[in-house]
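Peer 1: Data: start-v6.cif, mmCIF, C-alpha atoms.
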```cif
data_upload
loop_
_atom_site.group_PDB
_atom_site.id
_atom_site.type_symbol
_atom_site.label_atom_id
_atom_site.label_comp_id
_atom_site.auth_asym_id
_atom_site.auth_seq_id
_atom_site.Cartn_x
_atom_site.Cartn_y
_atom_site.Cartn_z
ATOM 1 C CA MET A 143 0.687 -12.823 16.265
ATOM 2 C CA LYS A 144 -0.498 -11.388 12.944
ATOM 3 C CA LYS A 145 1.971 -11.646 10.070
ATOM 4 C CA LEU A 146 2.111 -9.095 7.264
ATOM 5 C CA ALA A 147 3.578 -9.163 3.782
ATOM 6 C CA ILE A 148 4.227 -5.699 2.383
ATOM 7 C CA PHE A 149 4.136 -5.327 -1.417
ATOM 8 C CA GLY A 150 5.819 -2.332 -3.069
ATOM 9 C CA SER A 151 7.319 -1.307 -6.401
ATOM 10 C CA GLY A 152 9.109 1.959 -5.622
ATOM 11 C CA THR A 153 11.044 3.806 -2.959
ATOM 12 C CA GLY A 154 9.478 1.974 -0.032
ATOM 13 C CA SER A 155 9.060 4.907 2.351
ATOM 14 C CA ASN A 156 5.667 3.649 3.507
ATOM 15 C CA ALA A 157 6.981 0.071 3.739
ATOM 16 C CA GLU A 158 9.876 1.202 5.933
ATOM 17 C CA ASN A 159 7.539 3.299 8.067
ATOM 18 C CA ILE A 160 5.251 0.298 8.634
ATOM 19 C CA CYS A 161 8.221 -1.953 9.464
ATOM 20 C CA ARG A 162 9.550 0.555 12.007
ATOM 21 C CA TYR A 163 6.087 1.097 13.499
ATOM 22 C CA PHE A 164 5.686 -2.619 14.213
ATOM 23 C CA SER A 165 9.361 -3.368 14.989
ATOM 24 C CA ASN A 166 8.764 -3.834 18.726
ATOM 25 C CA SER A 167 5.231 -5.214 18.513
ATOM 26 C CA ASN A 168 4.290 -8.420 20.278
ATOM 27 C CA CYS A 169 1.168 -8.691 18.098
ATOM 28 C CA VAL A 170 2.352 -7.890 14.546
ATOM 29 C CA LYS A 171 5.357 -9.138 12.570
ATOM 30 C CA ILE A 172 6.501 -8.241 9.063
ATOM 31 C CA ALA A 173 7.027 -11.611 7.328
ATOM 32 C CA PHE A 174 8.575 -10.220 4.142
ATOM 33 C CA ILE A 175 8.584 -7.422 1.615
ATOM 34 C CA CYS A 176 7.586 -8.376 -1.932
ATOM 35 C CA THR A 177 8.518 -6.378 -5.011
ATOM 36 C CA ASN A 178 8.287 -6.718 -8.751
ATOM 37 C CA ASN A 179 11.200 -4.317 -9.249
ATOM 38 C CA LYS A 180 14.646 -5.627 -8.247
ATOM 39 C CA ASP A 181 16.123 -2.150 -8.773
ATOM 40 C CA ALA A 182 13.613 -0.311 -6.579
ATOM 41 C CA PHE A 183 14.842 1.442 -3.446
ATOM 42 C CA ILE A 184 12.405 -0.663 -1.404
ATOM 43 C CA VAL A 185 14.954 -3.500 -1.797
ATOM 44 C CA SER A 186 17.674 -1.442 -0.082
ATOM 45 C CA ARG A 187 15.269 -0.511 2.702
ATOM 46 C CA ALA A 188 14.306 -4.167 3.252
ATOM 47 C CA LYS A 189 17.977 -5.191 3.425
ATOM 48 C CA LYS A 190 18.763 -2.390 5.877
ATOM 49 C CA LEU A 191 15.833 -3.462 8.075
ATOM 50 C CA GLU A 192 16.825 -7.144 7.713
ATOM 51 C CA ILE A 193 13.390 -8.031 6.360
ATOM 52 C CA PRO A 194 13.283 -10.943 3.886
ATOM 53 C CA ILE A 195 12.679 -9.937 0.267
ATOM 54 C CA VAL A 196 10.510 -11.868 -2.172
ATOM 55 C CA TYR A 197 10.672 -11.024 -5.858
ATOM 56 C CA THR A 198 7.775 -11.562 -8.221
ATOM 57 C CA THR A 199 7.097 -10.896 -11.873
ATOM 58 C CA LYS A 200 3.824 -9.945 -13.469
ATOM 59 C CA ASN A 201 3.475 -13.488 -14.861
ATOM 60 C CA SER A 202 4.300 -15.105 -11.524
ATOM 61 C CA LEU A 203 1.871 -12.794 -9.747
ATOM 62 C CA ASN A 204 -0.913 -13.609 -12.197
ATOM 63 C CA ASN A 205 -0.205 -17.341 -11.955
ATOM 64 C CA PHE A 206 -0.145 -16.939 -8.148
ATOM 65 C CA THR A 207 1.058 -20.519 -7.487
ATOM 66 C CA LYS A 208 4.604 -19.677 -6.263
ATOM 67 C CA LEU A 209 3.509 -16.557 -4.454
ATOM 68 C CA ARG A 210 0.631 -18.370 -2.730
ATOM 69 C CA LYS A 211 3.139 -20.974 -1.487
ATOM 70 C CA LYS A 212 5.473 -18.243 -0.213
ATOM 71 C CA LEU A 213 2.590 -16.497 1.596
ATOM 72 C CA ASN A 214 1.543 -19.820 3.130
ATOM 73 C CA ASP A 215 5.114 -20.784 4.092
ATOM 74 C CA TYR A 216 5.503 -17.494 5.973
ATOM 75 C CA GLY A 217 2.024 -17.772 7.524
ATOM 76 C CA VAL A 218 0.929 -14.383 6.159
ATOM 77 C CA ASP A 219 -2.395 -13.170 7.532
ATOM 78 C CA TYR A 220 -2.624 -9.786 5.758
ATOM 79 C CA ILE A 221 -1.111 -8.239 2.650
ATOM 80 C CA ILE A 222 -0.324 -4.533 2.674
ATOM 81 C CA LEU A 223 0.056 -2.690 -0.622
ATOM 82 C CA ALA A 224 2.426 0.231 -0.182
ATOM 83 C CA GLY A 225 3.065 1.562 -3.664
ATOM 84 C CA PHE A 226 2.663 -1.757 -5.461
ATOM 85 C CA LEU A 227 1.835 -0.926 -9.062
ATOM 86 C CA LEU A 228 0.672 -4.262 -10.443
ATOM 87 C CA LYS A 229 -2.983 -5.244 -10.358
ATOM 88 C CA LEU A 230 -3.559 -8.272 -8.162
ATOM 89 C CA PRO A 231 -5.129 -11.329 -9.789
ATOM 90 C CA VAL A 232 -8.655 -12.304 -8.773
ATOM 91 C CA LYS A 233 -7.442 -15.637 -7.335
ATOM 92 C CA MET A 234 -5.126 -13.737 -4.973
ATOM 93 C CA VAL A 235 -7.869 -11.324 -3.903
ATOM 94 C CA ASN A 236 -10.228 -14.263 -3.350
ATOM 95 C CA SER A 237 -7.585 -16.060 -1.251
ATOM 96 C CA TYR A 238 -7.343 -13.056 1.093
ATOM 97 C CA PRO A 239 -10.855 -11.569 1.279
ATOM 98 C CA GLN A 240 -10.845 -8.311 3.257
ATOM 99 C CA LYS A 241 -7.210 -9.018 4.158
ATOM 100 C CA ILE A 242 -5.432 -7.014 1.457
ATOM 101 C CA ILE A 243 -5.115 -3.357 2.382
ATOM 102 C CA ASN A 244 -4.091 -0.565 0.015
ATOM 103 C CA LEU A 245 -3.148 3.067 0.484
ATOM 104 C CA HIS A 246 -4.243 5.510 -2.230
ATOM 105 C CA PRO A 247 -3.100 9.167 -2.455
ATOM 106 C CA SER A 248 -6.515 10.700 -3.093
ATOM 107 C CA LEU A 249 -10.017 10.705 -1.696
ATOM 108 C CA LEU A 250 -11.503 7.757 -3.544
ATOM 109 C CA PRO A 251 -13.584 7.343 -5.612
ATOM 110 C CA LYS A 252 -12.000 10.458 -7.148
ATOM 111 C CA TYR A 253 -8.718 9.920 -8.982
ATOM 112 C CA GLY A 254 -8.562 6.149 -8.672
ATOM 113 C CA GLY A 255 -8.160 3.470 -11.294
ATOM 114 C CA ARG A 256 -5.595 2.403 -13.839
ATOM 115 C CA GLY A 257 -2.655 4.791 -14.124
ATOM 116 C CA MET A 258 -3.728 6.800 -11.082
ATOM 117 C CA TYR A 259 -0.756 6.638 -8.737
ATOM 118 C CA GLY A 260 1.823 9.052 -7.344
ATOM 119 C CA ALA A 261 2.327 12.309 -9.211
ATOM 120 C CA ASN A 262 -0.361 11.351 -11.765
ATOM 121 C CA VAL A 263 -2.980 11.651 -9.031
ATOM 122 C CA HIS A 264 -1.658 14.964 -7.701
ATOM 123 C CA HIS A 265 -1.419 16.420 -11.206
ATOM 124 C CA ALA A 266 -5.072 15.508 -11.882
ATOM 125 C CA VAL A 267 -6.202 16.989 -8.550
ATOM 126 C CA ILE A 268 -4.480 20.301 -9.302
ATOM 127 C CA LYS A 269 -5.520 20.367 -12.969
ATOM 128 C CA ASN A 270 -9.159 19.961 -11.927
ATOM 129 C CA LYS A 271 -8.841 22.753 -9.347
ATOM 130 C CA GLU A 272 -9.927 20.562 -6.452
ATOM 131 C CA THR A 273 -10.077 22.337 -3.087
ATOM 132 C CA GLU A 274 -9.331 19.181 -1.106
ATOM 133 C CA SER A 275 -7.469 15.952 -1.466
ATOM 134 C CA GLY A 276 -6.161 13.384 0.994
ATOM 135 C CA ILE A 277 -5.562 9.688 1.464
ATOM 136 C CA THR A 278 -7.779 6.638 1.317
ATOM 137 C CA ILE A 279 -6.995 3.327 2.974
ATOM 138 C CA HIS A 280 -9.175 0.566 1.575
ATOM 139 C CA PHE A 281 -9.571 -3.167 1.194
ATOM 140 C CA VAL A 282 -8.598 -4.492 -2.224
ATOM 141 C CA ASN A 283 -11.104 -6.174 -4.496
ATOM 142 C CA GLU A 284 -10.788 -7.291 -8.127
ATOM 143 C CA LEU A 285 -11.068 -3.719 -9.487
ATOM 144 C CA TYR A 286 -8.531 -0.898 -9.210
ATOM 145 C CA ASP A 287 -9.204 1.252 -6.139
ATOM 146 C CA GLU A 288 -12.827 0.165 -5.710
ATOM 147 C CA GLY A 289 -12.634 -1.944 -2.556
ATOM 148 C CA ARG A 290 -14.451 -0.950 0.634
ATOM 149 C CA VAL A 291 -13.047 2.226 2.184
ATOM 150 C CA ILE A 292 -11.609 1.758 5.665
ATOM 151 C CA PHE A 293 -10.363 5.290 6.352
ATOM 152 C CA GLN A 294 -9.993 8.684 4.678
ATOM 153 C CA LYS A 295 -8.176 11.802 5.811
ATOM 154 C CA LYS A 296 -8.679 15.110 3.999
ATOM 155 C CA LEU A 297 -6.424 18.097 3.504
ATOM 156 C CA VAL A 298 -6.873 21.489 1.879
ATOM 157 C CA VAL A 299 -5.419 22.046 -1.579
ATOM 158 C CA SER A 300 -4.203 25.645 -1.679
ATOM 159 C CA VAL A 301 -4.737 27.859 -4.722
ATOM 160 C CA ASN A 302 -0.989 27.926 -5.465
ATOM 161 C CA GLU A 303 -0.473 24.184 -4.857
ATOM 162 C CA THR A 304 2.106 22.365 -6.977
ATOM 163 C CA VAL A 305 2.412 18.645 -7.611
ATOM 164 C CA LYS A 306 5.507 18.593 -5.366
ATOM 165 C CA SER A 307 3.909 20.514 -2.499
ATOM 166 C CA LEU A 308 0.768 18.389 -2.620
ATOM 167 C CA GLU A 309 2.872 15.234 -2.747
ATOM 168 C CA LYS A 310 4.697 16.324 0.441
ATOM 169 C CA LYS A 311 1.422 17.031 2.256
ATOM 170 C CA ILE A 312 -0.038 13.675 1.195
ATOM 171 C CA ARG A 313 3.169 11.873 2.228
ATOM 172 C CA LEU A 314 2.865 13.261 5.766
ATOM 173 C CA LEU A 315 -0.699 11.919 6.030
ATOM 174 C CA GLU A 316 0.410 8.528 4.711
ATOM 175 C CA LEU A 317 3.248 8.228 7.197
ATOM 176 C CA GLU A 318 1.071 9.298 10.106
ATOM 177 C CA TYR A 319 -2.051 7.254 9.438
ATOM 178 C CA PHE A 320 -1.240 4.122 7.406
ATOM 179 C CA PRO A 321 0.478 2.116 10.193
ATOM 180 C CA LYS A 322 -2.100 3.200 12.785
ATOM 181 C CA ILE A 323 -5.035 2.125 10.620
ATOM 182 C CA ILE A 324 -3.336 -1.195 9.790
ATOM 183 C CA GLU A 325 -2.850 -1.797 13.516
ATOM 184 C CA LYS A 326 -6.494 -0.959 14.233
ATOM 185 C CA ILE A 327 -7.676 -3.463 11.602
ATOM 186 C CA LEU A 328 -5.322 -6.205 12.761
ATOM 187 C CA LEU A 329 -6.123 -5.888 16.449
ATOM 188 C CA ARG A 330 -9.893 -5.485 16.187
#
```
Can you dump the structure from the file as structure tokens?
Peer 2:
Amino acid sequence: MKKLAIFGSGTGSNAENICRYFSNSNCVKIAFICTNNKDAFIVSRAKKLEIPIVYTTKNSLNNFTKLRKKLNDYGVDYIILAGFLLKLPVKMVNSYPQKIINLHPSLLPKYGGRGMYGANVHHAVIKNKETESGITIHFVNELYDEGRVIFQKKLVVSVNETVKSLEKKIRLLELEYFPKIIEKILLR
């Protein structure tokens, strides 16, 4: 049985989707959801799904002592970043080499890095008149969005695309592919 910790800072739609995807699995269990934002909707989703919630702060994350203990206590094998906006400390990345997986709403290496999340990414894609965008699922290393790419899925950016319409198209790709790719990695 592989145990996952899902880290998120926002609404938690991808976190909930992953939890539901694995809810009847004999091979994968969600150990807990971790957030740095006690007011985020991901907290309500975790409560509704009866998934334990772990809160962290930027300082606690960077120190990594308490969080490492929590990950060990729950027997976490993989960490899934689903809209987690804090950069992970090097000691955390080194503790889970090739076992921290992130979802990014663009075709990396384009539109990655500090400040490139959510609508910021979609705005940049449209502003630069890109003809395609998509999602990238990648392993996390010590740099923002530069870990080894696991999977990418492209979509066409229409000439009259808006940030909202692109966001909806990207969201559909995320919901369809993120849990499947996680499962493929875990069960390989």
Peer 1: How close does stretch 223-244 of chain A get to stretch 277-281 of chain A? List, as CSV, each residue of stretch 223-244 of chain A within 7 Å, its nearest atom pair and the distance in Å to one decimal, counting all atoms listed in the file.
Peer 2:
```
residue,atom,partner,partner_atom,distance
A:Gln240,CA,A:Phe281,CA,5.7
A:Lys241,CA,A:Phe281,CA,7.0
A:Ile242,CA,A:Phe281,CA,5.7
A:Ile243,CA,A:Phe281,CA,4.6
A:Asn244,CA,A:His280,CA,5.4
```
Peer 1: Assuming the chain letters and numbering stay as they are in my file, what does the PyMOL selection byres ((chain A and resi 176-178) around 7) actually select? List them as a PyMOL selection string.
Peer 2: chain A and resi 148-151+174-175+179-180+195-199
Peer 1: For atom CA of A:Glu158 and atom CA of A:Tyr259, quote the distance in Å rounded to one decimal.
Peer 2: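 Computed distance, atom CA of A:Glu158 to atom CA of A:Tyr259, equals 18.9 Å.
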Peer 1: Name every residue that the PyMOL selection byres ((chain A and resi 168-170) around 12) selects in this structure, writing the answer as a list in words with chains first and numbers rising.
Peer 2: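 Applying the PyMOL selection byres ((chain A and resi 168-170) around 12) to the structure shown produces Met143, Lys144, Lys145, Leu146, Ala147, Ile160, Cys161, Arg162, Tyr163, Phe164, Ser165, Asn166, Ser167, Lys171, Ile172, Ala173, Val218, Asp219, Tyr220, Pro321, Ile324, Glu325, Lys326, Ile327, Leu328, Leu329 and Arg330 of chain A.
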Peer 1: For the selection just defined, write its residues with C-alpha atoms to a file, as a PDB file, in the frame of the given file.
Peer 2:
```
ATOM      1  CA  MET A 143       0.687 -12.823  16.265  1.00  0.00           C
ATOM      2  CA  LYS A 144      -0.498 -11.388  12.944  1.00  0.00           C
ATOM      3  CA  LYS A 145       1.971 -11.646  10.070  1.00  0.00           C
ATOM      4  CA  LEU A 146       2.111  -9.095   7.264  1.00  0.00           C
ATOM      5  CA  ALA A 147       3.578  -9.163   3.782  1.00  0.00           C
ATOM      6  CA  ILE A 160       5.251   0.298   8.634  1.00  0.00           C
ATOM      7  CA  CYS A 161       8.221  -1.953   9.464  1.00  0.00           C
ATOM      8  CA  ARG A 162       9.550   0.555  12.007  1.00  0.00           C
ATOM      9  CA  TYR A 163       6.087   1.097  13.499  1.00  0.00           C
ATOM     10  CA  PHE A 164       5.686  -2.619  14.213  1.00  0.00           C
ATOM     11  CA  SER A 165       9.361  -3.368  14.989  1.00  0.00           C
ATOM     12  CA  ASN A 166       8.764  -3.834  18.726  1.00  0.00           C
ATOM     13  CA  SER A 167       5.231  -5.214  18.513  1.00  0.00           C
ATOM     14  CA  LYS A 171       5.357  -9.138  12.570  1.00  0.00           C
ATOM     15  CA  ILE A 172       6.501  -8.241   9.063  1.00  0.00           C
ATOM     16  CA  ALA A 173       7.027 -11.611   7.328  1.00  0.00           C
ATOM     17  CA  VAL A 218       0.929 -14.383   6.159  1.00  0.00           C
ATOM     18  CA  ASP A 219      -2.395 -13.170   7.532  1.00  0.00           C
ATOM     19  CA  TYR A 220      -2.624  -9.786   5.758  1.00  0.00           C
ATOM     20  CA  PRO A 321       0.478   2.116  10.193  1.00  0.00           C
ATOM     21  CA  ILE A 324      -3.336  -1.195   9.790  1.00  0.00           C
ATOM     22  CA  GLU A 325      -2.850  -1.797  13.516  1.00  0.00           C
ATOM     23  CA  LYS A 326      -6.494  -0.959  14.233  1.00  0.00           C
ATOM     24  CA  ILE A 327      -7.676  -3.463  11.602  1.00  0.00           C
ATOM     25  CA  LEU A 328      -5.322  -6.205  12.761  1.00  0.00           C
ATOM     26  CA  LEU A 329      -6.123  -5.888  16.449  1.00  0.00           C
ATOM     27  CA  ARG A 330      -9.893  -5.485  16.187  1.00  0.00           C
TER      28      ARG A 330
END
```
Peer 1: Once the PyMOL selection byres ((chain A and resi 285-298) around 10) has been applied to the shown file, what residues remain in the selection, as a ChimeraX atom specification?
Peer 2: /A:228-232,235,240,242-258,272-284,299-301,303,308,311-312,315-316,319-320,323-324,327
Peer 1: Rounded to one decimal in Å, what is the spacing between atom CA of A:Pro239 and atom CA of A:Leu213?
Peer 2: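 Between atom CA of A:Pro239 and atom CA of A:Leu213 the gap works out to 14.3 Å.
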Peer 1: For the atom pair atom CA of A:His265 and atom CA of A:Leu227, what is the interatomic distance in Å to one decimal place?
Peer 2: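 We find that atom CA of A:His265 and atom CA of A:Leu227 lie 17.8 Å from each other.
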